[in-house]
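> I have a structure here, written as structure tokens, and I will follow up with some questions on it.
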Amino acid sequence: MADLIATYYYRPRADTTPEYAAQALAEEETTGTWTDISTTTEYVRRLDGVVESVEPHGNGFLTRIRYPAEIFEPGNIPQYLSVFAGNLFGLGRLDSVRLLDIELPDSLVAPFPGPRLGMEGVRRLVGTTDRPHVGTIIKPKVGLTPKDTAAVAYQAAVGGVDLIKDDETLTDQAFCPLADRVTEVMGMLDKARSETGRRVLYAVNISTRPDRILERAQVALDNGANMLMIDVLTTGFDAIRALAEDPSVQVPLHIHRTMHAAMTRNPEHGIAMRPFARLVRMVGGDQLHTGTASGKMGHVPVEEIVGDNESLTCKCYGLKSVFPVSSGGLHPGKVAAEIAGLGTNIVLQAGGGIHGHPDGTAAGARAMRQAVDAAMEGIAAEEYAKDHPELALAIKKWGSSAART
Ligand code: CAP
Ligand code: MG
């Protein structure tokens, strides 16, 4: 397949047939416009978008549009997005339209680096083979000093997390300068490692203007960072690419997707997570948030998240896998539901679900690890909690159910 196929769900305007609407979409994104024009010379026709199919689906229709590969500038993601995720969302002929997925030809993926470490590389760094990783987010989201941030990180590390991350709104504010934060946190993680023997990754949020992302990454790395975090939708796909392609950046990249729900949440209109997941894998993210089976932002069906995660881990384009991250409203009582829904190749992250534990952060981390151990051994959490007090206290506070938060 040499061309790019995009799949859309859509509802045509009342006065428009589904076929006409699909054709209007294909023309708008390739060689046409709202009316016929006299300037389209015959040789341009090779770039026409083609409606491959239209079929009823739910309240509307599905269409697959073939975009000739030649219309794309290889390696230029802003231009790719302008084609398959551009003007079409505003077309009046469609009452609603949602980009569901993109199938790219090898020629349009080849220019991209893909993940440097990938899921397998992150597992090797931490020393795991098949269990889910447990992560936490420093909470409160913003406000702590570097030293207090490090103190929270230390408690999470000795409690057993594999990963600690900044929250999506913490970057390099005056109340917690990035360089100081990295120095303090890494110092405390070294202390934890001397006591536990375990390496814990700390994803420092370096999100900033793309032309300064490498400079900020260097500041983090110079202060000992062993992982970098980028908010992909607010920072840009090519900021990740710049890091993945730079030989001085040899640490894994944790990709947060804040702002995604403005596009992914509405099942009738917007952009599903899957196209974003495919682009993040291409530009080199090693881990990516894709949602929870049972958490607080549960607006996407679990089977859709499973498919999104498969787009991160499938053997395709010769790219390494990306570690899917399940995060948002999770706590130890939800671990079994997450694993049942999303499997074990997952990073289970809990912020409030660790720092809100009645006995504090370290106990919250222990409770998460105990919940993972229970699920991996096929033992119900309530049963396992009978001789694991930290898990018992978490279940007493938050319960243990698959019901979304
Ligand atoms: C979770 C979180 C994450 C969201 C991201 C938050 O904290 O730190 O950013 O989960 O959502 O700020 O809400 P809690 P997604 O564990 O305390 O909920 O992964 O869907 O992008
Ligand atoms: Mg957050």
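By convention in this document, the chains of the structure tokens carry letters A, B, ... by their order, each chain's residues are numbered from 1, and ligands are numbered from 1 in the order they are shown.
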Dump as JSON lines the rows for residues of chain A within 7 Å of ligand 2: closest atom pair and distance in Å with one decimal, only C-alpha atoms and all ligand atoms counted, ordered by chain and rising residue number.

```
{"residue": "A:Ile137", "atom": "CA", "partner": "ligand 2", "partner_atom_place_in_ligand_line": "1 (Mg)", "distance": 6.8}
{"residue": "A:Lys141", "atom": "CA", "partner": "ligand 2", "partner_atom_place_in_ligand_line": "1 (Mg)", "distance": 6.9}
{"residue": "A:Asp167", "atom": "CA", "partner": "ligand 2", "partner_atom_place_in_ligand_line": "1 (Mg)", "distance": 4.5}
{"residue": "A:Glu168", "atom": "CA", "partner": "ligand 2", "partner_atom_place_in_ligand_line": "1 (Mg)", "distance": 5.0}
```
> What residues in stretch 155-304 of chain A get the DSSP label helix (DSSP H, G or I)? Please answer as a PyMOL selection string.
chain A and resi 155-159+178-196+210-222+232-235+237-245+261-264+273-283+302-304
> Using only C-alpha atoms and all ligand atoms, find each protein or nucleic acid residue lying at most 6 Å from ligand 1; present the set as number ranges by chain.
A: 137, 167-168, 257-258, 289-291, 326-330, 350-353
> Can you list, as a ChimeraX atom specification, all residues belonging to stretch 212-379 of chain A that DSSP tags as strand (DSSP E or B)?
/A:227-231,253-256,270-271,287-289,323-327,347-349
> Give me the residues near A:Ala380 as a ChimeraX atom specification, where near means some atom within 10 Å (using only C-alpha atoms) and where sequence neighbours in that chain fewer than 5 positions away do not count.
/A:336,371,374-375,385,400
> Since we have the selection now, will you write its residues out, keeping C-alpha atoms, as a PDB file, in the first residue's frame?

```
ATOM      1  CA  ALA A 336      -6.936  -5.690  39.084  1.00  0.00           C
ATOM      2  CA  ALA A 371      -2.083  -5.019  44.252  1.00  0.00           C
ATOM      3  CA  ALA A 374      -1.896 -10.063  43.781  1.00  0.00           C
ATOM      4  CA  ALA A 375      -3.152  -9.670  40.215  1.00  0.00           C
ATOM      5  CA  ALA A 385      -4.932  -7.715  51.681  1.00  0.00           C
ATOM      6  CA  SER A 400     -11.814  -2.293  45.214  1.00  0.00           C
TER       7      SER A 400
END
```
> Nearest to A:Met186: which of A:Leu221, A:Ile206, A:Val280, A:Val161 is it, counting only C-alpha atoms?
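Under the stated criterion, the closest residue is A:Leu221.
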> Under the rule that only C-alpha atoms are counted, which of A:Gln287, A:Gln349, A:Ser401, A:Ser311 is the nearest residue to A:Lys334?
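Under the stated criterion, the closest residue is A:Ser401.
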> What lies within 8 Å of A:Leu99 using only C-alpha atoms, ignoring chain neighbours under 6 positions off, as a ChimeraX atom specification?
/A:6-9,84-85,269-272,275
> Could those residues be written to a file, using all heavy atoms, as a compact mmCIF listing (two decimals), in the first residue's frame?

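Once everything was written out, this is part13.txt:
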```txt
# COMPACT_ATOMS: atom_id res chain seq x y z
N ALA A 6 -7.03 7.21 5.57
CA ALA A 6 -7.56 7.74 6.84
C ALA A 6 -9.01 7.27 6.96
O ALA A 6 -9.76 7.31 5.98
CB ALA A 6 -7.50 9.26 6.85
N THR A 7 -9.36 6.84 8.17
CA THR A 7 -10.73 6.40 8.45
C THR A 7 -11.43 7.44 9.32
O THR A 7 -10.89 7.85 10.34
CB THR A 7 -10.73 5.03 9.17
OG1 THR A 7 -10.03 4.09 8.35
CG2 THR A 7 -12.15 4.54 9.40
N TYR A 8 -12.61 7.83 8.87
CA TYR A 8 -13.39 8.84 9.61
C TYR A 8 -14.77 8.28 9.93
O TYR A 8 -15.36 7.57 9.12
CB TYR A 8 -13.59 10.10 8.75
CG TYR A 8 -12.32 10.79 8.29
CD1 TYR A 8 -11.76 10.47 7.05
CD2 TYR A 8 -11.70 11.76 9.05
CE1 TYR A 8 -10.59 11.10 6.60
CE2 TYR A 8 -10.54 12.40 8.61
CZ TYR A 8 -9.99 12.07 7.39
OH TYR A 8 -8.84 12.69 6.96
N TYR A 9 -15.28 8.66 11.09
CA TYR A 9 -16.71 8.53 11.39
C TYR A 9 -17.31 9.91 11.11
O TYR A 9 -16.69 10.95 11.41
CB TYR A 9 -16.92 8.14 12.85
CG TYR A 9 -18.34 8.39 13.32
CD1 TYR A 9 -19.35 7.47 13.06
CD2 TYR A 9 -18.69 9.59 13.95
CE1 TYR A 9 -20.66 7.71 13.46
CE2 TYR A 9 -19.98 9.84 14.33
CZ TYR A 9 -20.97 8.92 14.07
OH TYR A 9 -22.26 9.16 14.45
N PHE A 84 -4.74 15.08 6.77
CA PHE A 84 -5.78 14.17 7.27
C PHE A 84 -6.50 14.66 8.52
O PHE A 84 -7.44 14.06 8.99
CB PHE A 84 -5.23 12.76 7.48
CG PHE A 84 -4.03 12.62 8.37
CD1 PHE A 84 -4.11 12.84 9.73
CD2 PHE A 84 -2.80 12.29 7.82
CE1 PHE A 84 -3.00 12.70 10.56
CE2 PHE A 84 -1.67 12.15 8.63
CZ PHE A 84 -1.78 12.35 10.00
N ALA A 85 -6.02 15.80 9.09
CA ALA A 85 -6.70 16.35 10.28
C ALA A 85 -6.79 17.87 10.13
O ALA A 85 -6.58 18.63 11.08
CB ALA A 85 -5.94 15.99 11.55
N HIS A 269 -17.26 13.80 17.26
CA HIS A 269 -16.49 14.84 16.54
C HIS A 269 -15.11 15.02 17.17
O HIS A 269 -15.00 15.06 18.40
CB HIS A 269 -17.24 16.17 16.60
CG HIS A 269 -16.57 17.25 15.78
ND1 HIS A 269 -16.76 17.35 14.41
CD2 HIS A 269 -15.70 18.23 16.11
CE1 HIS A 269 -16.06 18.38 13.96
NE2 HIS A 269 -15.40 18.92 14.96
N GLY A 270 -14.09 15.12 16.32
CA GLY A 270 -12.73 15.38 16.85
C GLY A 270 -11.73 14.39 16.28
O GLY A 270 -11.85 13.96 15.13
N ILE A 271 -10.75 14.05 17.12
CA ILE A 271 -9.67 13.14 16.69
C ILE A 271 -9.50 12.08 17.78
O ILE A 271 -9.31 12.44 18.96
CB ILE A 271 -8.34 13.90 16.50
CG1 ILE A 271 -8.51 15.03 15.48
CG2 ILE A 271 -7.23 12.92 16.04
CD1 ILE A 271 -7.27 15.92 15.36
N ALA A 272 -9.60 10.84 17.42
CA ALA A 272 -9.41 9.76 18.40
C ALA A 272 -7.93 9.70 18.80
O ALA A 272 -7.06 10.27 18.14
CB ALA A 272 -9.84 8.43 17.79
N PRO A 275 -4.67 7.97 16.10
CA PRO A 275 -3.72 8.69 15.22
C PRO A 275 -2.61 9.37 16.01
O PRO A 275 -1.44 9.35 15.61
CB PRO A 275 -4.61 9.71 14.52
CG PRO A 275 -5.99 9.15 14.59
CD PRO A 275 -6.06 8.41 15.89
```
> Just checking: using only C-alpha atoms, which residue out of A:Leu163, A:Ala392, A:Ala156, A:Phe237 ends up closest to A:Asn76?
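Using only C-alpha atoms, A:Asn76 sits closest to A:Phe237.
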> Quick one, how far is atom CA of A:Asp238 from atom CA of A:Arg278?
13.7 Å
> Nearest to A:Trp34 among A:Arg13, A:Arg66, A:Arg93, A:Lys147, with distances taken over only C-alpha atoms: which residue is it?
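The shortest atom-to-atom distance to A:Trp34 comes from A:Arg93.
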> Can you check which parts of stretch 237-350 of chain A lie within 8 Å of stretch 128-135 of chain A? Per residue, the shortest pair of atoms and distance in Å to one decimal, counting only C-alpha atoms, sorted by chain and number, as JSON lines.

```
{"residue": "A:Thr344", "atom": "CA", "partner": "A:Pro132", "partner_atom": "CA", "distance": 4.8}
{"residue": "A:Asn345", "atom": "CA", "partner": "A:Pro132", "partner_atom": "CA", "distance": 5.7}
{"residue": "A:Ile346", "atom": "CA", "partner": "A:Pro132", "partner_atom": "CA", "distance": 5.1}
{"residue": "A:Val347", "atom": "CA", "partner": "A:His133", "partner_atom": "CA", "distance": 4.5}
{"residue": "A:Leu348", "atom": "CA", "partner": "A:Val134", "partner_atom": "CA", "distance": 5.0}
{"residue": "A:Gln349", "atom": "CA", "partner": "A:Gly135", "partner_atom": "CA", "distance": 4.3}
{"residue": "A:Ala350", "atom": "CA", "partner": "A:Gly135", "partner_atom": "CA", "distance": 6.4}
```
> Write the selection just made, keeping N, CA and C atoms, as a PDB file, in the first residue's frame?

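Result written to out.pdb:
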```pdb
ATOM      1  N   THR A 344      -0.821  -6.642  31.056  1.00  0.00           N
ATOM      2  CA  THR A 344       0.289  -6.375  31.979  1.00  0.00           C
ATOM      3  C   THR A 344       1.405  -5.549  31.341  1.00  0.00           C
ATOM      4  N   ASN A 345       1.355  -5.346  30.034  1.00  0.00           N
ATOM      5  CA  ASN A 345       2.341  -4.462  29.409  1.00  0.00           C
ATOM      6  C   ASN A 345       1.819  -3.037  29.501  1.00  0.00           C
ATOM      7  N   ILE A 346       1.851  -2.543  30.740  1.00  0.00           N
ATOM      8  CA  ILE A 346       1.230  -1.247  31.008  1.00  0.00           C
ATOM      9  C   ILE A 346       1.963  -0.580  32.175  1.00  0.00           C
ATOM     10  N   VAL A 347       2.011   0.724  32.175  1.00  0.00           N
ATOM     11  CA  VAL A 347       2.493   1.470  33.339  1.00  0.00           C
ATOM     12  C   VAL A 347       1.251   1.939  34.081  1.00  0.00           C
ATOM     13  N   LEU A 348       1.101   1.508  35.319  1.00  0.00           N
ATOM     14  CA  LEU A 348      -0.058   1.918  36.116  1.00  0.00           C
ATOM     15  C   LEU A 348       0.381   3.072  37.004  1.00  0.00           C
ATOM     16  N   GLN A 349      -0.190   4.245  36.756  1.00  0.00           N
ATOM     17  CA  GLN A 349       0.242   5.443  37.493  1.00  0.00           C
ATOM     18  C   GLN A 349      -0.836   5.917  38.437  1.00  0.00           C
ATOM     19  N   ALA A 350      -0.427   6.263  39.643  1.00  0.00           N
ATOM     20  CA  ALA A 350      -1.379   6.799  40.621  1.00  0.00           C
ATOM     21  C   ALA A 350      -0.734   7.971  41.353  1.00  0.00           C
TER      22      ALA A 350
END
```
> Which is closest to A:Leu25 among A:Pro177, A:Gly159, A:Gly90, A:Gly187, if we use only C-alpha atoms?
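Selected residue with least distance to A:Leu25: A:Gly90.
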> Quick check, in Å to one decimal: how far apart do atom CA of A:Val322 and atom CA of A:Asp231 lie?
15.7 Å
> Find the nearest atom pair between each residue of stretch 72-136 of chain A and stretch 191-203 of chain A for residues within 10 Å, count only C-alpha atoms, give distances in Å to one decimal, sort rows by chain and ascending number, and present the table as JSON lines.

```
{"residue": "A:Val122", "atom": "CA", "partner": "A:Leu201", "partner_atom": "CA", "distance": 9.2}
{"residue": "A:Leu125", "atom": "CA", "partner": "A:Arg199", "partner_atom": "CA", "distance": 7.6}
{"residue": "A:Val126", "atom": "CA", "partner": "A:Arg199", "partner_atom": "CA", "distance": 6.0}
{"residue": "A:Gly127", "atom": "CA", "partner": "A:Arg199", "partner_atom": "CA", "distance": 8.3}
{"residue": "A:Gly135", "atom": "CA", "partner": "A:Leu201", "partner_atom": "CA", "distance": 9.1}
{"residue": "A:Thr136", "atom": "CA", "partner": "A:Tyr202", "partner_atom": "CA", "distance": 9.7}
```
> Write the residues of the selection above to a file with all heavy atoms, as a PDB file, in the first residue's frame.

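Below you can see result31.pdb, which holds the result:
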```pdb
ATOM      1  N   VAL A 122      12.874   0.255  28.409  1.00  0.00           N
ATOM      2  CA  VAL A 122      12.516   0.784  29.735  1.00  0.00           C
ATOM      3  C   VAL A 122      12.443  -0.363  30.743  1.00  0.00           C
ATOM      4  O   VAL A 122      12.906  -0.256  31.877  1.00  0.00           O
ATOM      5  CB  VAL A 122      11.167   1.536  29.671  1.00  0.00           C
ATOM      6  CG1 VAL A 122      10.689   1.932  31.068  1.00  0.00           C
ATOM      7  CG2 VAL A 122      11.293   2.780  28.793  1.00  0.00           C
ATOM      8  N   LEU A 125      15.912  -1.145  31.809  1.00  0.00           N
ATOM      9  CA  LEU A 125      16.428  -0.127  32.739  1.00  0.00           C
ATOM     10  C   LEU A 125      15.946  -0.401  34.169  1.00  0.00           C
ATOM     11  O   LEU A 125      16.693  -0.245  35.133  1.00  0.00           O
ATOM     12  CB  LEU A 125      15.921   1.256  32.313  1.00  0.00           C
ATOM     13  CG  LEU A 125      16.751   2.076  31.332  1.00  0.00           C
ATOM     14  CD1 LEU A 125      16.050   3.394  31.053  1.00  0.00           C
ATOM     15  CD2 LEU A 125      18.165   2.308  31.839  1.00  0.00           C
ATOM     16  N   VAL A 126      14.674  -0.789  34.286  1.00  0.00           N
ATOM     17  CA  VAL A 126      14.082  -0.969  35.625  1.00  0.00           C
ATOM     18  C   VAL A 126      14.329  -2.374  36.151  1.00  0.00           C
ATOM     19  O   VAL A 126      14.356  -2.606  37.352  1.00  0.00           O
ATOM     20  CB  VAL A 126      12.564  -0.638  35.566  1.00  0.00           C
ATOM     21  CG1 VAL A 126      11.866  -0.949  36.874  1.00  0.00           C
ATOM     22  CG2 VAL A 126      12.366   0.840  35.193  1.00  0.00           C
ATOM     23  N   GLY A 127      14.518  -3.324  35.214  1.00  0.00           N
ATOM     24  CA  GLY A 127      14.772  -4.713  35.638  1.00  0.00           C
ATOM     25  C   GLY A 127      13.504  -5.540  35.760  1.00  0.00           C
ATOM     26  O   GLY A 127      13.353  -6.346  36.690  1.00  0.00           O
ATOM     27  N   GLY A 135       3.854   3.623  38.635  1.00  0.00           N
ATOM     28  CA  GLY A 135       4.377   4.986  38.629  1.00  0.00           C
ATOM     29  C   GLY A 135       3.556   5.878  39.534  1.00  0.00           C
ATOM     30  O   GLY A 135       2.418   5.539  39.876  1.00  0.00           O
ATOM     31  N   THR A 136       4.171   6.988  39.925  1.00  0.00           N
ATOM     32  CA  THR A 136       3.398   7.999  40.632  1.00  0.00           C
ATOM     33  C   THR A 136       3.717   9.377  40.066  1.00  0.00           C
ATOM     34  O   THR A 136       4.726   9.568  39.387  1.00  0.00           O
ATOM     35  CB  THR A 136       3.649   7.986  42.155  1.00  0.00           C
ATOM     36  OG1 THR A 136       2.637   8.790  42.799  1.00  0.00           O
ATOM     37  CG2 THR A 136       5.016   8.556  42.500  1.00  0.00           C
TER      38      THR A 136
END
```
> May I ask for the distance between atom CA of A:Ile354 and atom CA of A:Glu304, given in Å to one decimal place?
26.9 Å
> Would you pick out the contacts of A:Leu170 at 12 Å or less, using only C-alpha atoms, so that residues sharing its chain but fewer than 2 positions from it are not included, and give the list as a short mmCIF file (atom, residue, chain, number, x, y, z; two decimals) with C-alpha atoms, in the first residue's frame?

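selection.cif, freshly written:
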```
data_model
loop_
_atom_site.label_atom_id
_atom_site.label_comp_id
_atom_site.auth_asym_id
_atom_site.auth_seq_id
_atom_site.Cartn_x
_atom_site.Cartn_y
_atom_site.Cartn_z
CA ILE A 137 2.95 11.66 39.91
CA ILE A 138 4.30 14.14 42.42
CA LYS A 139 1.28 15.75 44.08
CA PRO A 140 0.31 18.46 44.72
CA LYS A 141 0.61 19.11 41.00
CA VAL A 142 2.49 22.39 41.60
CA GLY A 143 3.85 24.36 44.55
CA LEU A 144 6.33 22.14 46.36
CA THR A 145 9.93 23.32 46.67
CA PRO A 146 12.67 21.20 45.07
CA THR A 149 9.51 17.39 45.86
CA LYS A 165 6.96 11.91 37.11
CA ASP A 166 6.33 15.59 37.27
CA ASP A 167 2.75 16.60 36.72
CA GLU A 168 1.80 18.09 33.37
CA ASP A 172 10.52 25.51 35.35
CA GLN A 173 8.52 27.87 37.58
CA ALA A 174 10.17 30.15 40.14
CA PHE A 175 8.77 28.12 43.05
CA CYS A 176 10.50 24.98 41.81
CA PRO A 177 13.31 25.63 39.29
CA LEU A 178 13.88 22.62 37.04
CA ARG A 181 14.37 19.97 41.27
CA ALA A 203 10.48 11.88 34.31
CA VAL A 204 11.18 15.60 34.60
CA ASN A 205 8.77 17.73 32.60
CA ILE A 206 10.86 19.71 30.10
CA SER A 207 7.91 20.96 28.07
CA THR A 208 8.74 24.35 26.56
CA MET A 229 8.74 14.11 30.07
CA ILE A 230 7.08 16.14 27.33
CA ASP A 231 3.45 17.23 27.00
#
```
